[in-house]
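J.: What follows is a single structure, and I will ask about it in a moment.
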Amino acid sequence: MDSFIVISLIKVAVLFAVLLTTLAYLQWVERKVIAHIQVRPGPYRVGPHGLLQPLADVIKLITKEDLMPSYVNRTLYLAAPFIAITMALLSICVIPFGPTIEVAGVRTWMQMTDLNIGVLFVLAVSSMGVYGIALAGWASNNKYSLLGGLRSSAQMISYELPLSLAIASPLLLANSLSLREVVGKQAGGVWTWNVLHGPFPQIFAFLIFLIAAFAETNRVPFDLPEAENELVAGFHTEYSSMKFASFFMAEYANMITVSCMATVLFLGGWTPPWPAEYGSRFVPTAIFALAGLVALYHGVNYARRRDKYSLPVFGVIFLAIAALFLLPMVQGWLLPLFWFFAKAGAILFAFIWVRGTLPRFRYDQLMGFTWKFLFPAAMLNLLVTGFLVAWFS
Amino acid sequence: MDLILFGIFAVVAVLCAINVVVQTHPISSAISLVGVMGSLAVLYLLLGAEFIAAAQVIVYAGAIMVLFVFVIMLLNAGTEGKKGRSLMVQLLGAPLLVAFLGLTCYFVQRLFPQADEVHFGGFTGGTAKAIGEALFTTYLLPFEVTSVLILIAIIGAIVLARKEMD
Amino acid sequence: MSTVPISYFLTLSAVLFALGVAGFLFRRNVITVFMSIELMLNAVNLSFVTFSYQLKKVDGHLFTFFVMVVAAAEAAVGLAIILTIFKNRKTLNIDEVDSMKD
């Protein structure tokens with residue numbers, strides 16, 4: 001009992017340290033990727049290649065003046081960012097990042113806890129997240145905030161339906177609601193992942209899930225609640241300092257959760273794309289070694305003066321990571337983590353890529369799209385999957 | 001441990017329920033009602049009803065109450081005035097209510113003196129699998145009837161909403 | 001391992017139901033009255049789940065499930081009616097919507 005509590009506390013500490021760092025650096029990655037899509041360098045001043053920019057942003061947000069408008073509903077105004085960030089961080093608890101590991105003689109899963117109703121837990125928590133945004137819009141007592149809050153609650157209720165229906169079809173194949181078992185059923189290779197696995201590949205469910213996830217996290221092209229050219233900043237117009245940062249972090253935490261869910265449900269979680277005996281365990285080494293060599297090459301033939309020092313350092317770090325993946329004693333837990341984060345990272349990159357590419361929807365198009373296309377498509381997919389599962393089992 | 005958890009969430013549920021009744025602004029009542037539903041979900045978990053607990057949060061707190069909050073925001077409903085309900089309700093309401101509560105508690109104590117004590121894990125039949133099996137065998141007809149009911153409700157809501165657009 | 005008597009759950013359910021009735025009787029905002037009804041439904045659901053524990057059967061959970069479904073349908077239609085009332089009468093006070101009396 002006591003060791004259970006100690007292990008859980010250690011897991012919480014590790015998980016939240018990693019999650020909050022990822023949140024901060026996801027922002028840096030997003031600014032860099034968008035900048036390169038728009039052919040400009042992006043953050044470059046604070047630290048080498050702007051790597052200390054997230055730290056500077058955090059200091060800026062903490063030390064800013066915490067404004068409290070006089071006409072707001074105080075209780076709900078203060079509760080709203082708290083609800084948003086709590087619900088965003090909570091659902092990461094049931095995501096399995098890898099199989100069991102053994103540290104100092106203790107065997108444990110790379111997961112906070114596995115619930116029998118894991119998928120339902122994630123859905124429940126994410127459905128509570130809408131209160132943060134709706135209440136922020138209402139309590140601010142500002143018409144732009146109110147419109148943003150109204151839009152977001154309508155949008156999140158509408159897109160939750162196709163999202164849940166898309167989640168239901170891989171669960172039919174897995175025959176379980178526990179996320180750990182869902183991953184366990186997909187072990188083997190890319191052809192046994194739910195996205196490609198027969199009798200009916202869930203590629204449509206995957207696409208519907210991704211589209212609905214863009215809307216659930218209020219990202220471009222569905223970021224109507226914070227459309228700045230018509231609603232100032234939408235629901236968080238009246239918020240400043242750390243309260244604004246809470247909404248900001250909640251959005252990024254939701255993105256991470258949704259990417260992890262897509263990885264677990266459709267892309268086989270931590271399992272490698274082909275079995276380890278055919279060489280999949282050398283893939284991370286090859287990737288990192290290649291990145292290290294490219295960095296070294298550009299450090300020698302530098303384009304900007306500061307690259308002369310920064311890029312060789314990065315190259316050496318990448319080569320060290322590549323060597324780390326070859327050590328047999330850490331391979332057991334490092335490889336699953338690598339595959340999990342590679343898949344989740346690819347989906348996160350898609351989020352950023354879409355933001356740099358697509359314009360925003362009009363509000364009636366947004367609602368028409370989910371009710372007239374996405375919802376029937378998800379329903380049809382679930383129906384066909386159900387029939388095929390019943391037929392082949 | 002079970003008793004402590006029950007105590008905490010029962011107190012939260014009752015306090016939130018009192019808040020639902022005494023708050024003058026509907027949005028405060030709505031948020032308090034979400035609090036009641038959340039604590040009830042925890043109590044359901046204690047009773048081994050894991051699927052119902054999740055459904056409680058998803059359907060009640062996450063969908064129905066969001067709809068309430070949405071309508072309150074849409075109508076921009078203000079606080080209630082001080083004028084009370086009719087005289088008969090004011091005079092008879094509270095005494096009758098207390099009498100009803102006392103009677104119910106008396107019968108509960110009277111009829112369940114030696115019933116089972118609840119402890120976590122005492123009943124594990126509330127899984128999604130068990131509920132699904134019961135739903136599609138014993139309760140198949142009610143299940144289909146509720147689906148028709150929902151269809152009627154959807155059509156009714158559309159008709160009511162469409163009338164005001166003209 | 002401390003345990004909780006069944007009667008505590010049923011008493012809690014009764015208290016919540018009585019509070020719902022109180023809201024239904026004393027409040028005049030039609031949305032709050034509607035929410036009081038939801039509170040009563042929730043109180044009854046707690047009884048169903050408790051009885052299910054006592055009988056070690058899953059049937060009580062099914063009743064709770066059906067109550068939730070009906071509550072969802074009720075909320076959709078009820079809130080549409082409230083919207084129509086507000087559009088026509090410009091009030092949410094339940095005592096002012098009484099033209100059928102005269």
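Residues in the structure tokens are named by chain (A, B, ... in the order shown) and by number from 1 within that chain; ligands are numbered from 1 in the order shown.
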Residues of chain B within 6 Å of chain C: nearest atom pair and distance (Å, one decimal) for each, counting only C-alpha atoms, sorted by chain and number, as JSON lines?
T.:
```
{"residue": "B:Asp2", "atom": "CA", "partner": "C:Thr3", "partner_atom": "CA", "distance": 5.9}
{"residue": "B:Leu3", "atom": "CA", "partner": "C:Val4", "partner_atom": "CA", "distance": 5.4}
{"residue": "B:Val21", "atom": "CA", "partner": "C:Gly23", "partner_atom": "CA", "distance": 4.8}
{"residue": "B:Pro26", "atom": "CA", "partner": "C:Thr32", "partner_atom": "CA", "distance": 5.8}
{"residue": "B:Cys105", "atom": "CA", "partner": "C:Thr11", "partner_atom": "CA", "distance": 5.8}
{"residue": "B:Glu117", "atom": "CA", "partner": "C:Pro5", "partner_atom": "CA", "distance": 4.5}
{"residue": "B:Val118", "atom": "CA", "partner": "C:Val4", "partner_atom": "CA", "distance": 4.9}
{"residue": "B:His119", "atom": "CA", "partner": "C:Thr3", "partner_atom": "CA", "distance": 5.0}
{"residue": "B:Ile150", "atom": "CA", "partner": "C:Ala73", "partner_atom": "CA", "distance": 5.5}
{"residue": "B:Ala153", "atom": "CA", "partner": "C:Ala73", "partner_atom": "CA", "distance": 5.4}
{"residue": "B:Ala157", "atom": "CA", "partner": "C:Val77", "partner_atom": "CA", "distance": 5.1}
```
J.: Going by DSSP on the backbone, which residues of segment 106-330 of chain A come out as helix (DSSP H, G or I)? List them as a count of residues only.
T.: 159
J.: Tell me as a count of residues only which residues belonging to chain B come within 12 Å of chain A, counting only C-alpha atoms.
T.: 48
J.: Which neighbours of segment 232-245 of chain A fall inside 8 Å, counting only C-alpha atoms, when residues of the same chain fewer than 3 positions from it are skipped, and could you give them as an MDAnalysis selection string?
T.: chainID A and resid 61:67 69 81 133:134 136:137 140 142 144:149 225:229 248:249
J.: Need to verify the contact set: segment 320-329 of chain A, 6 Å, only C-alpha atoms, exclusion of same-chain residues closer than 4 positions in sequence. Can you return it as a list in words?
T.: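 Those residues are Thr285, Phe288 and Ala289 of chain A.
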J.: Would you list the contacts of Val190 of chain A as a list in words, taking every protein, DNA or RNA residue within 10 Å and counting only C-alpha atoms, but skipping same-chain residues closer than 6 positions in sequence?
T.: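 Residues near the query, excluding close chain neighbours: Leu196, His197, Leu267, Gly268, Thr271, Pro272, Pro273, Trp274 and Pro275 of chain A.
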J.: Distance atom CA of Val183 of chain A-atom CA of Phe97 of chain A, one decimal place?
T.: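 Value for the atom CA of Val183 of chain A-atom CA of Phe97 of chain A distance: 10.0 Å.
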J.: For Pro221 of chain A, please output as a list of chain:residue names all residues within 12 Å (counting only C-alpha atoms; exclusion window: fewer than 6 positions along the same chain).
T.: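 Here the answer would be A:Ile211, A:Ala212, A:Ala213, A:Phe214, A:Ala215, A:Ala227, A:Phe351, A:Ile352, A:Trp353, A:Val354, A:Arg355, A:Gly356, A:Thr357, A:Leu358, A:Pro359, A:Arg360, A:Phe361, A:Arg362, A:Tyr363, A:Gln365, A:Leu366.
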